[in-house]
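What follows is a single structure, written as structure tokens, with notes after it.
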Amino acid sequence: MSEKPLKILEKMTDLDTGSPCNWCPGCGDFGILVALKQALFELKIDPENTMIVSGIGCGSQAPHLIKVYGFHSLHGRALPVATAMKMANHKMNVIVIGGDGDGYGIGMAHFIHTARRNFDITYIVQNNQVYGLTKGQTSPTSDKGFKTKSTPEGVLEIAIRPLGVSIVAGATFAARGFAGDVMHLKDLIKQGIQHKGFSHIDALQPCVTFNKVNTYQWYQQRIYKLEKEEGYDPTNRAMALQKAEEWGDRIAVGVYYKEERPTYIDELPQLKDKALVDYDPADVDFAATLQNYF
Amino acid sequence: MAGEAGYGISTMGATFARICTRAGLFVHGYGEYPSLIRGGHNTAGVRVAYEPVTSHSDKIDILLALNHNSIAFQGPEMAPGAVVIYDGESLVWDVKTVDASVRLCDVPLARLTKELGADRVMRNTVALGASMAVFGFEFTHMEEMLQRTFGRKGAEVVTHNVNVAKAGYDFVVANFAAGFPLAGGGTGMFEKKMHPVADAPKRILVTGNDALALGALKAGVKFMSAYPMTPVTSVMLSLASWGTKHNIVMKQTEDELAAMNMAIGASYMGVRSLTASSGGGFALMGEAIGMAAITETPLVAIEGQRPGPSTGLPTWTDQADLRFVMHASQGEFPRMVLLPGDVDESFDMMLKAFNWADKYQMVVLVMTDKYMGESLHTTAPFVHESYVVDRGELMSMDEAMKVVPGTYKRYQFTENGVSRRALPGYPNCIHAVSTDEHKEDGDLDEGSENRIKMVDKRARKLEVLQREAMVANDGAQLYGPAEADLTIVGWGSMKGPIMEAMNTANENGKKVNLLQIKMALPFPSEVVAKVLSGAKKTLLVENNSMAQMAGVVREFTGIAIPNQMLRYDGRPLHSAEILARINTELA
Amino acid sequence: MADVTITNTSTGAKATCPAGSNFREVAQAQDLDVAFGCESGICSTCLIQIKSGQANIAPKTEQEEFTLDARGVAPDDMNTRLGCQCQINGDVEFEPGM
């Protein structure tokens with residue numbers, strides 16, 4: 001079977017699919033989509049060797065809006081689908097994108113276990129702190145007291161600290177970006193893709209329709225660049241966990257944590273020479289194994 | 001063999017079964033154990049014969065009793081003239097509680113073990129040696145077996161095991177050559193000694209789970225994702241053990257949601273994938289099965305039944321998930337539900353399952369249960385050389401090279417409903433698929449006209465499959481005389497017990513046949529309708545309380561099967577009780 | 001019509017173009033370090049702050065007003081614009097972002 005020729009994009013618009021997009025005007029999803037497209041373009045990623053997996057939610061329409069291979073899966077199940085894809089064909093770049101409810105709610109167990117397995121995939125969470133597609137219920141990252149139709153008296157739980165969860169669970173790259181600062185988010189996504197291991201990028205993005213609290217302005221007043229903070233060292237795990245606790249008046253964007261650790265694929269002997277999909281299913285020394293049953 | 005959990009009862013049973021199989025005999029091994037790790041009451045039954053046996057029995061000829069419960073529970077099941085082997089120095093019991101003709105074989109298992117300085121758990125090896133002597137086998141058979149089992153661990157481990165076993169063997173020969181004391185007084189020999197069958201063809205000893213795992217191996221499975229759950233755990237363990245030798249990745253997952261979603265993800269990339277669970281785990285897999293269906297990703301999954309509802313009887317057996325598996329996952333979409341009836345069918349159906357799944361980009365569910373899955377069966381080595389991996393409409397990389405960019409449609413409408421399938425990573429074929437309804441190129445589309453065409457396209461695949469890809473006897477099979485006074489309807493693990501009862505009845509002049517249903521979807525309506533409409537009298541034999549297969553038969557053929565033999569206490573129906581029912585039906 | 005100059009005050013990038021040009025076309029042709037997304041006034045990726053020359057830009061388009069409102073920009077804020085919707089009639093200095 002011959003090798004596929006490498007395909008390099010000439011211009012970013014080669015990544016446009018022309019599919020209709022139904023996000024609300026001004027939605028934060030646009031910023032993340034543009035940042036992701038720019039990152040793929042600038043990294044000269046071969047679109048035919050790239051797979052984007054999404055869950056279910058407004059933002060999970062992304063695979064239909066970027067001309068690479070895409071799989072729009074189930075609510076909360078993007079990560080298991082993606083990690084199995086990585087095991088089946090680890091030569092492909094695998095990127096996962098989904099909402100905060102998708103990733104930190106119904107998909108939380110997979111999120112934690114995918115982080116500890118350190119698969120070489122990049123997981124971008126469109127964190128708008130609300131369930132948009134179902135018209136505005138509270139999400140795992142909604143702040144305590146956040147009033148929605150499902151929590152008329154204000155949500156009682158405290159919000160999830162997503163980066164705290166991923167760092168503790170074993171993610172080897174944990175960062176936060178803001179959909180309102182496309183250039184900065186694009187650089188984080190580039191770093192995430194280039195990082196060998198599980199890269200978690202929590203992308204703060206306003207839901208202009210259903211979240212009237214955490215607006216562009218709300219974020220603008222609180223966000224500061226971690227790269228500019230004196231003495232911050234993303235390889236210092238304790239410092240990163242401390243930073244992951246910070247939320248409210250000051251919200252840091254940038255690389256919270258970074259560590260090098262063998263990826264899951266690195267430690268699978270079966271995949272040393274070639275990808276699982278390249279093994280011929282008809283080439284099985286069955287008789288040898290049947291011997292054990294005599 | 002009977003005793004407390006954690007004393008190697010099932011291992012001992014398997015070893016005894018293997019020795020008999022290697023000696024050219026036919027074996028059926030069935031064990032019962034409670035859902036716990038220590039204590040409780042475990043049994044490992046091994047039925048041995050000179051011709052195939054396909055059911056367990058409710059009678060015991062040799063009982064190896066390791067504690068009081070064994071006497072209490074298994075004592076009453078001892079046939080006249082049976083032998084009970086026990087360690088009288090630690091197990092004192094009232095011999096009047098068993099049949100007067102029972103032969104008492106008191107072997108100081110603990111003392112012999114201690115005298116050889118062996119570990120306490122080796123008591124079972126002594127007991128096995130003793131059983132061999134009672135059974136009438138030469139010790140060489142056991143020696144050769146121990147050599148094969150422990151050879152890898154070095155000569156002195158082998159000799160140690162051989163010595164310990166020999167101690168038990170020699171004790172019986174030395175003390176009971178002239179016969180055994182009877183429970184009711186006097187002495188008597190053991191009448192049912194057996195002998196190895198010289199130059200019998202070599203046979204294999206496998207569980208139903210082994211057969212499914214071997215079928216998957218032969219079919220070229222390269223990925224499995226699963227979560228441990230009785231009674232199918234051994235399938236994932238088999239594949240895990242073949243990981244490095246056969247380049248298979250077996251991923252244990254955090255839950256069955258991940259297991260099913262991973263299996264679909266890997267399959268979508270072009271790798272033959274498998275997952276397996278029992279009812280409770282399968283319930284968690286429901287939603288994702290629909291994802292495989294709407295994305296038309298090949299999927300093979302095993303559902304091993306155990307009694308519900310909920311945790312139910314986790315280490316027992318029944319056939320109560322039929323409707324559940326036929327209808328799992330919301331909405332309407334085609335799927336296959338295969339019902340293997342024995343180890344040979346388990347192996348063959350897995351081979352076919354992977355080809356059907358690829359050829360028709362279909363969901364294929366294979367049902368088994370604790371009885372078939374975990375029982376040991378002797379059979380001829382699986383025939384596998386003629387198998388051809390058929391990946392259906394899977395494009396090669398070279399073919400993709402010639403595709404004009406922007407023209408590829410993953411869900412192109414076609415005459416038989418199956419679309420050409422490019423794998424992620426191929427040139428010129430970039431596409432995104434979705435669990436939302438979609439149009440030919442995979443993009444989202446909720447339009448009415450497209451929806452109707454997509455529903456029909458997916459459904460068409462199963463009709464074409466049933467027409468083109470199935471041969472006679474794939475869907476259902478009639479065993480026994482074409483004309484019969486009683487036609488039994490059965491499926492899955494009940495095939496063995498029914499066949500044995502049927503054969504015995506027919507040998508005694510009765511005219512009984514069995515219509516075995518081997519597929520719930522697509523349902524073999526024609527064959528079933530033809531057989532049942534011509535049947536004089538029918539009887540459904542099923543391991544559940546709601547006669548689910550009767551409902552399915554009626555749904556697809558309009559024919560009712562009012563006469564039913566149902567068992568739902570977690571124990572499998574065995575041939576003796578089925579034979580009794582046949583005799584009353586035809587009295 | 002004399003050429004006009006557009007300056008990105010945060011990066012120093014400059015571009016010259018005939019008056020009446022569309023900001024996006026100029027920004028993309030002469031790389032003014034501004035990201036664009038939908039290029040149709042919906043996604044607001046190209047949000048910019050006008051530092052000077054605000055009067056030299058044609059009034060907001062209807063789509064621009066709708067999207068700016070969704071972004072929570074006050075209707076009377078004339079300095080926050082969507083680059084892709086701006087027709088430049090004279091010298092302008094701007095900064096990307098909020």
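Here, A, B, ... name the chains of the structure tokens in the order displayed, residue numbers run from 1 inside each chain, and ligands are numbered from 1 in the same displayed order.
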- [ ] Would you mind listing what lies within 6 Å of region 177-184 of chain A as a list in words, with only C-alpha atoms counted and same-chain residues fewer than 5 positions away left out?
- [x]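 Within the cut-off, the hits are Gly28, Gly31, Ile32, Ala35, Ala203, Leu204, Gln205 and Val253 of chain A.
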Could you dump the residues just selected with N, CA, C and O atoms as a PDB file, in the first residue's frame?
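Final output, part.pdb:
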ATOM      1  N   GLY A  28     -18.710  33.193  21.061  1.00  0.00           N
ATOM      2  CA  GLY A  28     -17.297  32.930  21.310  1.00  0.00           C
ATOM      3  C   GLY A  28     -16.776  31.752  20.495  1.00  0.00           C
ATOM      4  O   GLY A  28     -15.581  31.634  20.237  1.00  0.00           O
ATOM      5  N   GLY A  31     -14.426  32.685  17.629  1.00  0.00           N
ATOM      6  CA  GLY A  31     -13.036  33.015  17.962  1.00  0.00           C
ATOM      7  C   GLY A  31     -12.195  31.754  18.079  1.00  0.00           C
ATOM      8  O   GLY A  31     -11.092  31.659  17.535  1.00  0.00           O
ATOM      9  N   ILE A  32     -12.785  30.730  18.727  1.00  0.00           N
ATOM     10  CA  ILE A  32     -12.029  29.474  18.928  1.00  0.00           C
ATOM     11  C   ILE A  32     -11.825  28.784  17.582  1.00  0.00           C
ATOM     12  O   ILE A  32     -10.735  28.279  17.272  1.00  0.00           O
ATOM     13  N   ALA A  35      -9.142  30.597  15.735  1.00  0.00           N
ATOM     14  CA  ALA A  35      -7.839  30.331  16.365  1.00  0.00           C
ATOM     15  C   ALA A  35      -7.353  28.937  15.977  1.00  0.00           C
ATOM     16  O   ALA A  35      -6.181  28.729  15.627  1.00  0.00           O
ATOM     17  N   ALA A 203     -10.877  26.984  26.871  1.00  0.00           N
ATOM     18  CA  ALA A 203     -11.023  28.266  26.151  1.00  0.00           C
ATOM     19  C   ALA A 203     -12.268  28.995  26.648  1.00  0.00           C
ATOM     20  O   ALA A 203     -13.393  28.575  26.351  1.00  0.00           O
ATOM     21  N   LEU A 204     -12.059  30.043  27.410  1.00  0.00           N
ATOM     22  CA  LEU A 204     -13.198  30.830  27.918  1.00  0.00           C
ATOM     23  C   LEU A 204     -13.866  31.534  26.745  1.00  0.00           C
ATOM     24  O   LEU A 204     -13.183  32.149  25.905  1.00  0.00           O
ATOM     25  N   GLN A 205     -15.173  31.411  26.649  1.00  0.00           N
ATOM     26  CA  GLN A 205     -15.870  32.041  25.520  1.00  0.00           C
ATOM     27  C   GLN A 205     -17.278  32.436  25.968  1.00  0.00           C
ATOM     28  O   GLN A 205     -18.008  31.637  26.526  1.00  0.00           O
ATOM     29  N   VAL A 253      -4.787  33.711  31.812  1.00  0.00           N
ATOM     30  CA  VAL A 253      -4.776  32.937  30.554  1.00  0.00           C
ATOM     31  C   VAL A 253      -3.312  32.661  30.210  1.00  0.00           C
ATOM     32  O   VAL A 253      -2.435  33.464  30.540  1.00  0.00           O
TER      33      VAL A 253
END
Could you make a table, as a tab-separated table, of the residues of chain A that have an atom within 7 Å of an atom of chain C, each with its nearest atom pair and distance in Å to one decimal, counting only C-alpha atoms, in chain and number order?
residue	atom	partner	partner_atom	distance
A:Pro25	CA	C:Ile42	CA	4.6
A:Gly26	CA	C:Cys43	CA	4.8
A:Cys27	CA	C:Cys43	CA	6.4
A:Phe30	CA	C:Cys43	CA	5.4
A:Gly31	CA	C:Thr45	CA	5.6
A:Val34	CA	C:Gly37	CA	5.8
A:Asp181	CA	C:Gly97	CA	6.6
A:Val208	CA	C:Ala70	CA	5.9
A:Tyr216	CA	C:Arg71	CA	6.8
TODO: Can you check which residues of region 186-227 of chain A DSSP gives as helix (DSSP H, G or I) on the backbone and send them as a PyMOL selection string?
DONE: chain A and resi 186-194+216-222+226-227
Task: Polymer residues at most 12 Å from His160 (chain B), only C-alpha atoms, same-chain spacing of 4 or more positions, as a list in words - done: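 Returned residues: Thr113, Leu116, Gly117, Ala118, Asp119, Met122, Thr125, Val126, Glu143, Leu146, Gln147, Phe150, Gly151, Lys153, Gly154, Ala155, Glu156, Val164, Ala165, Lys166 and Ala167 of chain B.
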TODO: Considering only C-alpha atoms, state which residue in the set A:Thr209, A:Asn214, A:Ser166, A:Gln126 is at the smallest distance from Ala240 (chain A).
DONE: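 Ranked by minimum distance to Ala240 (chain A), first place goes to A:Ser166.
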Task: Residues within 9 Å of Arg81 (chain C), only C-alpha atoms, excluding chain neighbours under 3 positions, as number ranges by chain - done: C: 46-50, 60, 64-65, 68, 77-78, 84-86
Keeping only N, CA, C and O atoms, write the selected residues as an mmCIF file, in the first residue's frame.
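As written to disk, result_19.cif reads:
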data_model
loop_
_atom_site.group_PDB
_atom_site.id
_atom_site.type_symbol
_atom_site.label_atom_id
_atom_site.label_comp_id
_atom_site.auth_asym_id
_atom_site.auth_seq_id
_atom_site.Cartn_x
_atom_site.Cartn_y
_atom_site.Cartn_z
ATOM 1 N N CYS C 46 -12.963 40.049 14.133
ATOM 2 C CA CYS C 46 -12.152 41.201 13.675
ATOM 3 C C CYS C 46 -12.513 42.490 14.426
ATOM 4 O O CYS C 46 -12.422 43.588 13.890
ATOM 5 N N LEU C 47 -12.932 42.313 15.690
ATOM 6 C CA LEU C 47 -13.297 43.493 16.500
ATOM 7 C C LEU C 47 -12.077 44.411 16.653
ATOM 8 O O LEU C 47 -10.975 43.933 16.924
ATOM 9 N N ILE C 48 -12.251 45.691 16.403
ATOM 10 C CA ILE C 48 -11.106 46.624 16.552
ATOM 11 C C ILE C 48 -11.561 47.871 17.321
ATOM 12 O O ILE C 48 -12.757 48.193 17.359
ATOM 13 N N GLN C 49 -10.587 48.541 17.978
ATOM 14 C CA GLN C 49 -10.834 49.820 18.671
ATOM 15 C C GLN C 49 -10.209 50.940 17.829
ATOM 16 O O GLN C 49 -9.015 50.849 17.494
ATOM 17 N N ILE C 50 -10.998 51.916 17.470
ATOM 18 C CA ILE C 50 -10.464 53.039 16.669
ATOM 19 C C ILE C 50 -9.784 54.019 17.618
ATOM 20 O O ILE C 50 -10.407 54.520 18.549
ATOM 21 N N LYS C 60 -21.747 52.386 10.738
ATOM 22 C CA LYS C 60 -21.865 50.922 10.924
ATOM 23 C C LYS C 60 -22.917 50.337 9.982
ATOM 24 O O LYS C 60 -23.975 50.932 9.796
ATOM 25 N N GLU C 64 -23.405 44.869 11.293
ATOM 26 C CA GLU C 64 -22.382 45.239 12.276
ATOM 27 C C GLU C 64 -23.046 45.655 13.581
ATOM 28 O O GLU C 64 -22.660 45.197 14.673
ATOM 29 N N GLU C 65 -24.102 46.461 13.474
ATOM 30 C CA GLU C 65 -24.784 46.919 14.694
ATOM 31 C C GLU C 65 -25.358 45.727 15.464
ATOM 32 O O GLU C 65 -25.241 45.611 16.688
ATOM 33 N N LEU C 68 -22.444 43.755 17.073
ATOM 34 C CA LEU C 68 -21.809 44.528 18.163
ATOM 35 C C LEU C 68 -22.711 44.522 19.388
ATOM 36 O O LEU C 68 -22.268 44.361 20.522
ATOM 37 N N ASP C 77 -21.270 53.639 21.215
ATOM 38 C CA ASP C 77 -19.794 53.515 21.208
ATOM 39 C C ASP C 77 -19.341 53.477 19.746
ATOM 40 O O ASP C 77 -19.454 52.450 19.063
ATOM 41 N N MET C 78 -18.838 54.610 19.267
ATOM 42 C CA MET C 78 -18.450 54.710 17.854
ATOM 43 C C MET C 78 -17.037 54.185 17.628
ATOM 44 O O MET C 78 -16.581 54.042 16.501
ATOM 45 N N CYS C 84 -14.184 44.024 9.258
ATOM 46 C CA CYS C 84 -14.596 43.556 7.928
ATOM 47 C C CYS C 84 -15.726 44.411 7.358
ATOM 48 O O CYS C 84 -16.029 44.347 6.165
ATOM 49 N N GLN C 85 -16.350 45.209 8.230
ATOM 50 C CA GLN C 85 -17.496 46.005 7.758
ATOM 51 C C GLN C 85 -17.119 47.468 7.504
ATOM 52 O O GLN C 85 -17.957 48.273 7.103
ATOM 53 N N CYS C 86 -15.827 47.823 7.765
ATOM 54 C CA CYS C 86 -15.464 49.255 7.736
ATOM 55 C C CYS C 86 -14.990 49.696 6.344
ATOM 56 O O CYS C 86 -14.092 49.080 5.768
#
Should the cut-off be 6 Å, what would the residue list for chain A against chain B look like, counting only C-alpha atoms, as an mmCIF file with all heavy atoms, in the first residue's frame?
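Wrote result_14.cif, looks like this:
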data_model
loop_
_atom_site.group_PDB
_atom_site.id
_atom_site.type_symbol
_atom_site.label_atom_id
_atom_site.label_comp_id
_atom_site.auth_asym_id
_atom_site.auth_seq_id
_atom_site.Cartn_x
_atom_site.Cartn_y
_atom_site.Cartn_z
ATOM 1 N N GLU A 48 -5.304 16.097 5.538
ATOM 2 C CA GLU A 48 -5.746 14.712 5.291
ATOM 3 C C GLU A 48 -5.221 13.767 6.365
ATOM 4 O O GLU A 48 -5.585 12.603 6.413
ATOM 5 C CB GLU A 48 -5.260 14.255 3.896
ATOM 6 C CG GLU A 48 -5.967 14.993 2.770
ATOM 7 C CD GLU A 48 -5.379 14.686 1.392
ATOM 8 O OE1 GLU A 48 -4.197 14.268 1.324
ATOM 9 O OE2 GLU A 48 -6.097 14.883 0.397
ATOM 10 N N ASN A 49 -4.342 14.286 7.218
ATOM 11 C CA ASN A 49 -3.809 13.439 8.299
ATOM 12 C C ASN A 49 -4.230 13.989 9.656
ATOM 13 O O ASN A 49 -3.569 13.805 10.665
ATOM 14 C CB ASN A 49 -2.271 13.387 8.206
ATOM 15 C CG ASN A 49 -1.717 12.260 9.081
ATOM 16 O OD1 ASN A 49 -2.284 11.166 9.127
ATOM 17 N ND2 ASN A 49 -0.654 12.564 9.826
ATOM 18 N N HIS A 64 -17.565 20.132 11.150
ATOM 19 C CA HIS A 64 -18.186 20.366 9.834
ATOM 20 C C HIS A 64 -17.719 21.695 9.243
ATOM 21 O O HIS A 64 -18.072 22.028 8.109
ATOM 22 C CB HIS A 64 -19.721 20.354 9.963
ATOM 23 C CG HIS A 64 -20.258 19.063 10.487
ATOM 24 N ND1 HIS A 64 -20.384 17.920 9.719
ATOM 25 C CD2 HIS A 64 -20.636 18.692 11.743
ATOM 26 C CE1 HIS A 64 -20.829 16.926 10.472
ATOM 27 N NE2 HIS A 64 -21.000 17.371 11.705
ATOM 28 N N VAL A 68 -10.920 19.113 7.498
ATOM 29 C CA VAL A 68 -10.042 17.988 7.865
ATOM 30 C C VAL A 68 -11.014 16.834 8.136
ATOM 31 O O VAL A 68 -12.227 17.029 8.094
ATOM 32 C CB VAL A 68 -9.219 18.310 9.149
ATOM 33 C CG1 VAL A 68 -8.232 19.428 8.884
ATOM 34 C CG2 VAL A 68 -10.133 18.642 10.314
ATOM 35 N N TYR A 69 -10.478 15.647 8.431
ATOM 36 C CA TYR A 69 -11.397 14.544 8.766
ATOM 37 C C TYR A 69 -12.099 14.892 10.079
ATOM 38 O O TYR A 69 -11.487 15.434 10.998
ATOM 39 C CB TYR A 69 -10.627 13.229 8.878
ATOM 40 C CG TYR A 69 -10.330 12.613 7.520
ATOM 41 C CD1 TYR A 69 -9.111 12.818 6.874
ATOM 42 C CD2 TYR A 69 -11.307 11.852 6.862
ATOM 43 C CE1 TYR A 69 -8.855 12.289 5.607
ATOM 44 C CE2 TYR A 69 -11.057 11.313 5.596
ATOM 45 C CZ TYR A 69 -9.833 11.542 4.980
ATOM 46 O OH TYR A 69 -9.597 11.017 3.738
ATOM 47 N N GLY A 70 -13.395 14.587 10.172
ATOM 48 C CA GLY A 70 -14.148 14.974 11.369
ATOM 49 C C GLY A 70 -15.100 13.890 11.825
ATOM 50 O O GLY A 70 -15.553 13.060 11.032
ATOM 51 N N PHE A 71 -15.343 13.871 13.120
ATOM 52 C CA PHE A 71 -16.289 12.908 13.699
ATOM 53 C C PHE A 71 -17.042 13.600 14.822
ATOM 54 O O PHE A 71 -16.507 13.865 15.885
ATOM 55 C CB PHE A 71 -15.536 11.672 14.227
ATOM 56 C CG PHE A 71 -16.428 10.491 14.518
ATOM 57 C CD1 PHE A 71 -16.540 9.432 13.629
ATOM 58 C CD2 PHE A 71 -17.178 10.437 15.687
ATOM 59 C CE1 PHE A 71 -17.380 8.349 13.884
ATOM 60 C CE2 PHE A 71 -18.024 9.362 15.963
ATOM 61 C CZ PHE A 71 -18.120 8.318 15.049
ATOM 62 N N HIS A 72 -18.304 13.893 14.542
ATOM 63 C CA HIS A 72 -19.191 14.606 15.476
ATOM 64 C C HIS A 72 -19.900 13.523 16.280
ATOM 65 O O HIS A 72 -20.859 12.916 15.809
ATOM 66 C CB HIS A 72 -20.149 15.431 14.610
ATOM 67 C CG HIS A 72 -21.095 16.314 15.344
ATOM 68 N ND1 HIS A 72 -22.038 17.084 14.687
ATOM 69 C CD2 HIS A 72 -21.272 16.574 16.656
ATOM 70 C CE1 HIS A 72 -22.744 17.765 15.567
ATOM 71 N NE2 HIS A 72 -22.299 17.474 16.772
ATOM 72 N N SER A 73 -19.404 13.245 17.483
ATOM 73 C CA SER A 73 -19.852 12.011 18.181
ATOM 74 C C SER A 73 -21.020 12.290 19.117
ATOM 75 O O SER A 73 -21.960 12.985 18.748
ATOM 76 C CB SER A 73 -18.669 11.416 18.956
ATOM 77 O OG SER A 73 -18.376 12.198 20.103
ATOM 78 N N PRO A 80 -13.346 9.265 24.556
ATOM 79 C CA PRO A 80 -13.100 7.841 24.279
ATOM 80 C C PRO A 80 -13.025 7.565 22.779
ATOM 81 O O PRO A 80 -12.154 6.806 22.330
ATOM 82 C CB PRO A 80 -14.294 7.125 24.916
ATOM 83 C CG PRO A 80 -15.135 8.143 25.575
ATOM 84 C CD PRO A 80 -14.527 9.478 25.394
ATOM 85 N N VAL A 81 -13.898 8.197 22.001
ATOM 86 C CA VAL A 81 -13.851 7.988 20.541
ATOM 87 C C VAL A 81 -12.472 8.395 20.020
ATOM 88 O O VAL A 81 -11.807 7.669 19.281
ATOM 89 C CB VAL A 81 -14.971 8.815 19.845
ATOM 90 C CG1 VAL A 81 -14.780 8.800 18.326
ATOM 91 C CG2 VAL A 81 -16.338 8.262 20.210
ATOM 92 N N ALA A 84 -9.479 6.123 21.101
ATOM 93 C CA ALA A 84 -9.463 4.852 20.355
ATOM 94 C C ALA A 84 -8.969 5.101 18.932
ATOM 95 O O ALA A 84 -8.231 4.290 18.360
ATOM 96 C CB ALA A 84 -10.871 4.251 20.334
ATOM 97 N N MET A 85 -9.339 6.257 18.375
ATOM 98 C CA MET A 85 -8.841 6.587 17.033
ATOM 99 C C MET A 85 -7.325 6.685 17.061
ATOM 100 O O MET A 85 -6.629 6.223 16.157
ATOM 101 C CB MET A 85 -9.455 7.920 16.572
ATOM 102 C CG MET A 85 -10.903 7.823 16.176
ATOM 103 S SD MET A 85 -11.551 9.457 15.751
ATOM 104 C CE MET A 85 -13.113 8.978 14.966
ATOM 105 N N ALA A 88 -5.923 3.332 17.128
ATOM 106 C CA ALA A 88 -6.115 2.627 15.863
ATOM 107 C C ALA A 88 -5.172 3.157 14.786
ATOM 108 O O ALA A 88 -4.680 2.398 13.941
ATOM 109 C CB ALA A 88 -7.567 2.774 15.401
ATOM 110 N N GLN A 270 2.875 -3.064 20.825
ATOM 111 C CA GLN A 270 2.281 -3.466 19.526
ATOM 112 C C GLN A 270 2.440 -2.369 18.474
ATOM 113 O O GLN A 270 2.400 -2.633 17.273
ATOM 114 C CB GLN A 270 0.775 -3.725 19.669
ATOM 115 C CG GLN A 270 0.396 -4.800 20.666
ATOM 116 C CD GLN A 270 0.148 -4.219 22.058
ATOM 117 O OE1 GLN A 270 0.847 -3.303 22.506
ATOM 118 N NE2 GLN A 270 -0.869 -4.731 22.745
ATOM 119 N N VAL A 277 -3.869 0.081 12.358
ATOM 120 C CA VAL A 277 -4.685 -0.038 11.136
ATOM 121 C C VAL A 277 -3.853 -0.604 9.979
ATOM 122 O O VAL A 277 -4.394 -1.108 9.000
ATOM 123 C CB VAL A 277 -5.296 1.334 10.752
ATOM 124 C CG1 VAL A 277 -4.227 2.288 10.263
ATOM 125 C CG2 VAL A 277 -6.425 1.180 9.768
ATOM 126 N N PRO A 281 -5.627 -7.723 8.757
ATOM 127 C CA PRO A 281 -6.455 -8.604 9.590
ATOM 128 C C PRO A 281 -6.442 -10.056 9.119
ATOM 129 O O PRO A 281 -6.771 -10.966 9.878
ATOM 130 C CB PRO A 281 -7.861 -7.991 9.470
ATOM 131 C CG PRO A 281 -7.824 -7.056 8.333
ATOM 132 C CD PRO A 281 -6.408 -6.650 8.115
ATOM 133 N N ALA A 282 -6.044 -10.287 7.859
ATOM 134 C CA ALA A 282 -6.047 -11.676 7.366
ATOM 135 C C ALA A 282 -4.749 -12.391 7.753
ATOM 136 O O ALA A 282 -4.634 -13.609 7.625
ATOM 137 C CB ALA A 282 -6.199 -11.672 5.839
ATOM 138 N N PHE A 286 -3.104 -18.169 13.492
ATOM 139 C CA PHE A 286 -4.170 -18.678 14.366
ATOM 140 C C PHE A 286 -3.825 -20.065 14.917
ATOM 141 O O PHE A 286 -4.032 -20.343 16.101
ATOM 142 C CB PHE A 286 -5.488 -18.731 13.582
ATOM 143 C CG PHE A 286 -6.646 -19.237 14.380
ATOM 144 C CD1 PHE A 286 -7.229 -18.431 15.353
ATOM 145 C CD2 PHE A 286 -7.129 -20.523 14.198
ATOM 146 C CE1 PHE A 286 -8.300 -18.906 16.119
ATOM 147 C CE2 PHE A 286 -8.186 -21.001 14.958
ATOM 148 C CZ PHE A 286 -8.774 -20.183 15.916
ATOM 149 N N TYR A 293 -5.158 -24.937 23.242
ATOM 150 C CA TYR A 293 -6.471 -25.419 23.720
ATOM 151 C C TYR A 293 -6.590 -26.940 23.579
ATOM 152 O O TYR A 293 -7.648 -27.514 23.810
ATOM 153 C CB TYR A 293 -7.601 -24.707 22.977
ATOM 154 C CG TYR A 293 -7.649 -23.235 23.322
ATOM 155 C CD1 TYR A 293 -6.823 -22.327 22.651
ATOM 156 C CD2 TYR A 293 -8.447 -22.772 24.365
ATOM 157 C CE1 TYR A 293 -6.828 -20.978 22.991
ATOM 158 C CE2 TYR A 293 -8.457 -21.416 24.714
ATOM 159 C CZ TYR A 293 -7.648 -20.535 24.015
ATOM 160 O OH TYR A 293 -7.639 -19.200 24.353
ATOM 161 N N PHE A 294 -5.463 -27.561 23.096
ATOM 162 C CA PHE A 294 -5.525 -29.032 23.021
ATOM 163 C C PHE A 294 -5.253 -29.653 24.385
ATOM 164 O O PHE A 294 -4.663 -28.960 25.237
ATOM 165 C CB PHE A 294 -4.505 -29.526 21.984
ATOM 166 C CG PHE A 294 -4.979 -29.334 20.558
ATOM 167 C CD1 PHE A 294 -4.718 -28.143 19.875
ATOM 168 C CD2 PHE A 294 -5.741 -30.304 19.908
ATOM 169 C CE1 PHE A 294 -5.179 -27.945 18.583
ATOM 170 C CE2 PHE A 294 -6.208 -30.112 18.609
ATOM 171 C CZ PHE A 294 -5.913 -28.923 17.938
#
Open item on the list: Need the shell around Asp100 (chain A): protein/DNA/RNA residues with any atom at most 10 Å away, counting only C-alpha atoms. Skip same-chain ones fewer than 3 positions apart. Format as a PyMOL selection string?
Closed with: chain A and resi 57+59+76+97+103-108+124-131+139-142+160+162+202-204
- [ ] Mind listing the strand (DSSP E or B) residues of region 90-244 of chain A, per DSSP on the backbone, as a ChimeraX atom specification?
- [x] /A:93-99,122-127,130-131,137-138,148,151,173-178,199-204,223-225
